[in-house]
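Data from data.cif: mmCIF, C-alpha atoms and all ligand atoms
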data_target
loop_
_atom_site.label_atom_id
_atom_site.label_comp_id
_atom_site.auth_asym_id
_atom_site.auth_seq_id
_atom_site.Cartn_x
_atom_site.Cartn_y
_atom_site.Cartn_z
CA MET A 1 160.69 241.12 112.24
CA GLU A 2 163.21 241.47 115.05
CA VAL A 3 166.84 240.83 114.06
CA VAL A 4 169.31 240.10 116.86
CA ILE A 5 173.00 239.96 116.01
CA LEU A 6 175.01 237.89 118.50
CA PRO A 7 178.69 236.96 118.75
CA GLY A 8 178.21 233.24 118.09
CA SER A 9 176.05 230.13 118.15
CA LYS A 10 176.36 229.63 121.91
CA GLN A 11 174.70 233.00 122.61
CA ILE A 12 172.09 232.23 119.92
CA GLY A 13 171.32 228.91 121.60
CA LYS A 14 170.91 230.60 124.98
CA LEU A 15 168.59 233.34 123.72
CA ALA A 16 166.38 230.90 121.82
CA ALA A 17 166.31 228.64 124.90
CA ASP A 18 165.30 231.65 127.04
CA ALA A 19 162.23 232.14 124.83
CA ILE A 20 161.34 228.44 125.03
CA GLU A 21 161.87 228.32 128.79
CA ALA A 22 159.65 231.38 129.30
CA LEU A 23 156.98 229.77 127.10
CA LEU A 24 157.06 226.48 129.05
CA GLN A 25 156.82 228.36 132.33
CA ARG A 26 153.63 230.14 131.31
CA LYS A 27 152.28 227.16 129.30
CA PRO A 28 153.69 223.75 130.30
CA HIS A 29 151.65 222.01 127.56
CA ALA A 30 153.12 224.30 124.86
CA VAL A 31 153.52 223.05 121.31
CA LEU A 32 157.07 223.43 119.99
CA GLY A 33 157.94 223.44 116.29
CA LEU A 34 161.27 221.73 115.64
CA ALA A 35 163.72 222.17 112.79
CA THR A 36 166.58 219.92 111.73
CA GLY A 37 169.93 220.87 110.19
CA SER A 38 173.01 222.07 112.02
CA SER A 39 171.78 225.60 112.89
CA PRO A 40 169.34 224.62 115.71
CA VAL A 41 171.77 222.19 117.37
CA PRO A 42 173.08 224.83 119.87
CA VAL A 43 169.45 225.51 120.85
CA TYR A 44 168.85 221.81 121.53
CA ASP A 45 172.16 221.53 123.41
CA GLU A 46 171.12 224.43 125.63
CA LEU A 47 167.63 222.98 126.20
CA ALA A 48 169.16 219.60 127.14
CA ALA A 49 171.47 221.36 129.62
CA ARG A 50 168.54 223.26 131.15
CA HIS A 51 166.51 220.04 131.36
CA GLY A 52 169.38 218.73 133.47
CA ARG A 53 168.77 221.70 135.76
CA GLY A 54 165.01 221.06 135.96
CA LEU A 55 163.37 222.48 132.81
CA ASP A 56 160.33 220.25 132.34
CA PHE A 57 159.05 219.10 128.93
CA GLY A 58 156.72 216.48 130.45
CA ALA A 59 153.51 218.10 129.15
CA ALA A 60 154.94 219.65 125.97
CA HIS A 61 154.21 218.61 122.39
CA ALA A 62 156.46 218.95 119.37
CA PHE A 63 156.00 218.90 115.60
CA ALA A 64 158.81 218.62 113.08
CA LEU A 65 158.80 220.76 109.97
CA ASP A 66 159.59 218.10 107.44
CA GLU A 67 160.75 214.59 106.56
CA TYR A 68 162.44 212.80 103.67
CA VAL A 69 160.41 210.51 101.46
CA GLY A 70 161.75 207.06 100.69
CA LEU A 71 164.15 206.42 103.57
CA ALA A 72 163.83 203.08 105.33
CA PRO A 73 162.10 203.39 108.73
CA GLY A 74 164.72 204.08 111.38
CA HIS A 75 167.24 205.44 108.83
CA ARG A 76 169.80 207.47 110.78
CA GLU A 77 169.22 210.59 108.67
CA SER A 78 165.43 210.44 108.69
CA TYR A 79 164.28 213.58 110.45
CA ARG A 80 162.35 211.45 112.97
CA GLU A 81 165.67 209.93 114.07
CA VAL A 82 167.50 213.27 113.96
CA ILE A 83 164.87 214.98 116.14
CA MET A 84 164.93 212.08 118.63
CA ARG A 85 168.74 212.07 118.76
CA GLU A 86 169.36 215.81 118.94
CA PHE A 87 166.43 216.94 121.06
CA ALA A 88 163.62 214.66 122.15
CA GLY A 89 165.82 211.85 123.47
CA ARG A 90 167.73 214.33 125.67
CA VAL A 91 164.76 215.84 127.50
CA ASN A 92 161.63 214.39 129.12
CA ILE A 93 159.18 215.09 126.29
CA ARG A 94 156.92 212.04 125.79
CA THR A 95 157.73 210.14 122.57
CA GLU A 96 154.04 209.99 121.67
CA ASN A 97 153.95 213.79 121.83
CA VAL A 98 156.72 214.13 119.21
CA HIS A 99 155.21 214.28 115.75
CA THR A 100 156.98 213.98 112.41
CA PRO A 101 155.37 213.55 108.99
CA ASP A 102 155.51 209.93 107.80
CA GLY A 103 157.64 209.92 104.66
CA ALA A 104 156.87 206.23 104.15
CA ALA A 105 153.07 206.68 104.11
CA ALA A 106 151.26 204.82 101.31
CA ASP A 107 148.84 207.70 100.81
CA ILE A 108 150.96 210.88 100.85
CA PRO A 109 148.14 213.47 100.42
CA ALA A 110 146.18 211.81 103.26
CA GLU A 111 149.30 211.80 105.48
CA CYS A 112 149.88 215.51 104.81
CA GLN A 113 146.28 216.36 105.67
CA ALA A 114 146.42 214.20 108.80
CA TYR A 115 149.59 216.03 109.90
CA GLU A 116 147.87 219.40 109.55
CA ASP A 117 144.83 218.05 111.43
CA THR A 118 146.98 216.72 114.29
CA MET A 119 148.75 220.09 114.63
CA LYS A 120 145.43 221.88 114.75
CA ALA A 121 144.01 219.44 117.32
CA ALA A 122 147.07 220.04 119.53
CA GLY A 123 146.26 223.76 119.51
CA GLY A 124 148.76 224.91 116.87
CA VAL A 125 152.46 225.62 117.24
CA ASP A 126 153.38 228.14 119.94
CA LEU A 127 157.04 228.59 119.04
CA GLN A 128 158.58 227.41 115.79
CA ILE A 129 162.35 227.06 115.52
CA LEU A 130 163.61 227.53 111.97
CA GLY A 131 166.88 227.36 110.10
CA VAL A 132 167.29 228.68 106.58
CA GLY A 133 168.78 227.02 103.52
CA THR A 134 171.43 228.74 101.38
CA ASP A 135 168.70 229.25 98.75
CA GLY A 136 166.34 230.84 101.31
CA HIS A 137 164.21 227.73 101.97
CA ILE A 138 162.53 227.12 105.32
CA GLY A 139 161.40 223.61 106.18
CA PHE A 140 161.80 222.13 102.71
CA ASN A 141 159.89 224.89 100.95
CA GLU A 142 162.20 225.44 98.02
CA PRO A 143 162.21 228.58 95.84
CA GLY A 144 158.95 228.76 93.94
CA SER A 145 156.87 227.42 96.84
CA SER A 146 153.48 229.04 97.19
CA LEU A 147 153.51 231.57 100.00
CA ALA A 148 150.16 230.07 101.08
CA SER A 149 151.24 226.41 100.82
CA ARG A 150 150.24 223.69 103.29
CA THR A 151 151.94 220.40 104.20
CA ARG A 152 152.67 218.52 100.98
CA ILE A 153 155.28 216.61 98.98
CA LYS A 154 158.08 218.65 97.39
CA THR A 155 161.05 217.96 95.11
CA LEU A 156 164.45 219.12 96.39
CA ILE A 157 166.60 221.52 94.38
CA GLU A 158 170.05 220.11 93.57
CA GLN A 159 171.77 222.75 95.74
CA THR A 160 169.82 221.56 98.79
CA ARG A 161 170.67 217.94 98.01
CA ARG A 162 174.33 218.93 97.73
CA ASP A 163 174.15 220.93 101.00
CA ASN A 164 172.63 217.94 102.80
CA ALA A 165 174.93 215.32 101.24
CA ARG A 166 177.32 215.90 104.17
CA PHE A 167 174.85 214.10 106.44
CA PHE A 168 174.44 211.13 104.08
CA GLY A 169 178.03 210.64 102.97
CA SER A 170 177.20 210.77 99.26
CA LEU A 171 174.95 212.88 97.04
CA ALA A 172 173.40 209.78 95.51
CA ASP A 173 171.98 208.78 98.90
CA VAL A 174 170.10 212.07 99.45
CA PRO A 175 166.41 211.58 98.63
CA HIS A 176 164.82 213.70 95.91
CA HIS A 177 161.46 214.07 97.64
CA VAL A 178 160.31 215.31 101.02
CA LEU A 179 157.18 216.13 102.99
CA THR A 180 157.18 219.61 104.46
CA GLN A 181 154.89 221.95 106.30
CA GLY A 182 153.93 224.70 103.88
CA LEU A 183 154.76 228.37 104.20
CA GLY A 184 151.12 229.03 105.09
CA THR A 185 151.38 226.37 107.81
CA ILE A 186 154.57 227.87 109.25
CA LEU A 187 153.03 231.36 109.28
CA GLU A 188 150.36 230.08 111.70
CA ALA A 189 152.91 229.43 114.46
CA ARG A 190 152.45 232.10 117.14
CA HIS A 191 156.15 232.94 117.32
CA VAL A 192 158.87 231.94 114.88
CA VAL A 193 162.55 232.01 115.87
CA LEU A 194 164.92 231.58 112.93
CA VAL A 195 168.58 230.87 113.62
CA ALA A 196 171.33 231.34 111.03
CA THR A 197 175.11 231.22 111.44
CA GLY A 198 178.11 231.48 109.16
CA ALA A 199 179.04 233.48 106.07
CA GLN A 200 177.43 230.89 103.78
CA LYS A 201 174.02 232.10 105.07
CA SER A 202 174.67 235.86 104.68
CA ARG A 203 173.07 236.16 101.24
CA ALA A 204 169.94 234.21 102.22
CA VAL A 205 169.65 236.29 105.42
CA ARG A 206 169.97 239.58 103.50
CA ASP A 207 167.44 238.43 100.89
CA PHE A 208 164.73 237.28 103.29
CA VAL A 209 165.13 240.05 105.89
CA GLU A 210 165.61 243.04 103.61
CA GLY A 211 164.67 241.85 100.12
CA ALA A 212 161.30 241.69 98.41
CA VAL A 213 158.72 239.19 99.62
CA SER A 214 158.81 236.59 96.87
CA ALA A 215 158.44 232.86 96.30
CA ILE A 216 162.00 232.89 94.92
CA CYS A 217 163.14 233.45 98.53
CA PRO A 218 160.65 231.42 100.61
CA ALA A 219 161.86 232.69 104.02
CA SER A 220 160.88 236.22 102.95
CA VAL A 221 157.28 235.23 103.75
CA LEU A 222 158.28 235.77 107.41
CA GLN A 223 158.03 239.51 106.71
CA PHE A 224 154.27 238.90 106.98
CA HIS A 225 154.57 237.20 110.37
CA PRO A 226 153.51 239.39 113.33
CA HIS A 227 156.11 237.85 115.67
CA ALA A 228 159.24 236.70 113.88
CA THR A 229 162.66 236.75 115.56
CA VAL A 230 165.87 236.25 113.58
CA LEU A 231 168.98 235.28 115.57
CA VAL A 232 172.20 235.58 113.57
CA ASP A 233 175.92 235.64 114.23
CA GLU A 234 178.19 238.36 112.82
CA ALA A 235 179.09 236.32 109.74
CA ALA A 236 175.46 235.60 108.79
CA ALA A 237 174.63 239.28 109.44
CA SER A 238 177.52 240.59 107.33
CA SER A 239 175.41 241.53 104.28
CA LEU A 240 172.57 243.23 106.17
CA ARG A 241 172.18 246.90 105.23
CA LEU A 242 170.54 247.84 108.53
CA ALA A 243 172.86 245.87 110.85
CA ASP A 244 173.67 248.94 112.97
CA PHE A 245 169.99 249.74 113.37
CA TYR A 246 169.21 246.16 114.51
CA ARG A 247 172.02 246.39 117.08
CA HIS A 248 170.75 249.74 118.33
CA THR A 249 167.14 248.49 118.54
CA TYR A 250 168.13 245.43 120.55
CA ASP A 251 170.50 247.31 122.88
CA HIS A 252 167.77 249.87 123.66
CA LYS A 253 164.88 247.45 124.05
CA PRO A 254 162.50 248.15 126.93
CA ALA A 255 163.29 245.85 129.85
CA TRP A 256 159.83 244.18 129.84
CA GLN A 257 160.08 243.10 126.25
CA GLY A 258 161.21 239.50 125.77
CA LEU A 259 162.06 238.01 122.40
N1 LIG A 301 165.02 220.94 105.95
C1 LIG A 301 166.18 221.50 106.59
C2 LIG A 301 165.90 222.93 106.96
O1 LIG A 301 164.88 222.97 107.96
C3 LIG A 301 167.17 223.61 107.46
O2 LIG A 301 166.89 224.92 107.87
C4 LIG A 301 168.19 223.60 106.35
C5 LIG A 301 169.48 224.33 106.73
O3 LIG A 301 170.32 223.47 107.42
P1 LIG A 301 171.62 223.91 108.22
O4 LIG A 301 171.14 224.55 109.46
O5 LIG A 301 172.33 222.63 108.48
O6 LIG A 301 172.37 224.82 107.33
O7 LIG A 301 168.50 222.24 106.08
C6 LIG A 301 167.43 221.39 105.72
O8 LIG A 301 167.17 221.60 104.39
#

Could you express the structure from this file as structure tokens?
Ligand SMILES: N[C@@H]1[C@@H](O)[C@H](O)[C@@H](COP(=O)(O)O)O[C@@H]1O
Amino acid sequence: MEVVILPGSKQIGKLAADAIEALLQRKPHAVLGLATGSSPVPVYDELAARHGRGLDFGAAHAFALDEYVGLAPGHRESYREVIMREFAGRVNIRTENVHTPDGAAADIPAECQAYEDTMKAAGGVDLQILGVGTDGHIGFNEPGSSLASRTRIKTLIEQTRRDNARFFGSLADVPHHVLTQGLGTILEARHVVLVATGAQKSRAVRDFVEGAVSAICPASVLQFHPHATVLVDEAAASSLRLADFYRHTYDHKPAWQGL
């Protein structure tokens, strides 16, 4: 795992966008993995700005990590709408190439299997953007999720519902159920780039980067990933024991080595 400590979310957005731009240059039909939440927004802002300067998403594909169950189609906070608003609608990716699990599907197990099959048919995710929940979840894989899990329905922990209530206006409006790629699914992405900012993420960051690999901290499964990059600001990095070592490693990185 490579940990990069940066001054703020603007620099995080630029570095993540550098990795995505380099990927699209060597593979225009790359498959991007998209996350929702506030953490990746600076990445999407930077990608939208670079699209304005010519970065081309015309052949790219994208898969979202997760979706709420039970929201009316077109609900403003459905992750389909969020992804379209914050990323896909601001660049020239084709709408039919943007995939999100269907939280309104009549047959949920069949929908989850179909989502996995569609990802596989597209060639698998090349670069997965991730955020992390205050309880260490990635996607909507809450504590206790199998480290080998695949796309499936999950129940949200109350803390996550409370964290996400700010998007809905009231806690009562936050769904209890979600569809999410599993931890085993996420591990198959060729490169994962996790972004975390703010002091409220410092404990989760310490636990998944330097703690034991355990289902109680789902993001810790990334310790098994051969190419995981963690981009954090100073506040999110404030509980890391090896912060000075991560700074030293990044500052002395060989010039040819990208993220
Ligand atoms: N399902 C999403 C996650 O993918 C995201 O990482 C998390 C953190 O969100 P934020 O970045 O807003 O703190 O929120 C939601 O639960």

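Omitting range 249-257 of chain A and its sequence neighbours fewer than 2 positions away, and counting all atoms listed in the file, the residues within 12 Å are Met1, Glu2, Val3, Val4, Ile5, Leu6, Ala19, Thr229, Val230, Leu231, Leu242, Ala243, Asp244, Phe245, Tyr246, Arg247 and Leu259 of chain A.
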
Please return the centre and edge lengths, in Å to one decimal, of a box with edges along x, y and z that contains all listed atoms of ligand LIG 301 (chain A), widened by 3 Å on every side, as AutoDock Vina command-line options.
--center_x 168.6 --center_y 222.9 --center_z 106.9 --size_x 13.5 --size_y 10.0 --size_z 11.1

Close residues to ligand LIG 301 (chain A) using only C-alpha atoms and all ligand atoms, limit 10 Å, as a count of residues only: 46

Straight-line distance linking CA of Asp207 in chain A with CA of Ala219 in chain A, stated in Å to one decimal: 8.6 Å

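The space separating CA of Val209 in chain A from CA of Gly144 in chain A comes to 17.6 Å.
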
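Counting all atoms listed in the file, the residue from A:Glu81, A:Asp107, A:Glu158, A:Ala60 that sits nearest to Arg94 in chain A is A:Ala60.
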
Spatial neighbours of Ala88 in chain A, max dist 10 Å, all atoms listed in the file, sep filter under 2 positions, as a PyMOL selection string: chain A and resi 34+44+48+57+62+80-86+90-95+97-98

Selection near Ile153 in chain A, 9 Å with only C-alpha atoms, sequence-local residues under 2 positions removed, as a ChimeraX atom specification: /A:69,108-109,112,151,155,177-180

Gap from CA of Ser202 in chain A to CA of Arg162 in chain A - Å, one decimal: 18.3 Å

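Of the listed residues A:Ala49, A:Ala148, A:Val221, A:Val193, the one whose atoms come nearest to Ile12 in chain A is A:Val193, with distances taken using all atoms listed in the file.
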
Minimum-distance residue to Ser239 in chain A, chosen among A:Val174, A:Arg206, A:Cys217, A:His227 (using only C-alpha atoms): A:Arg206
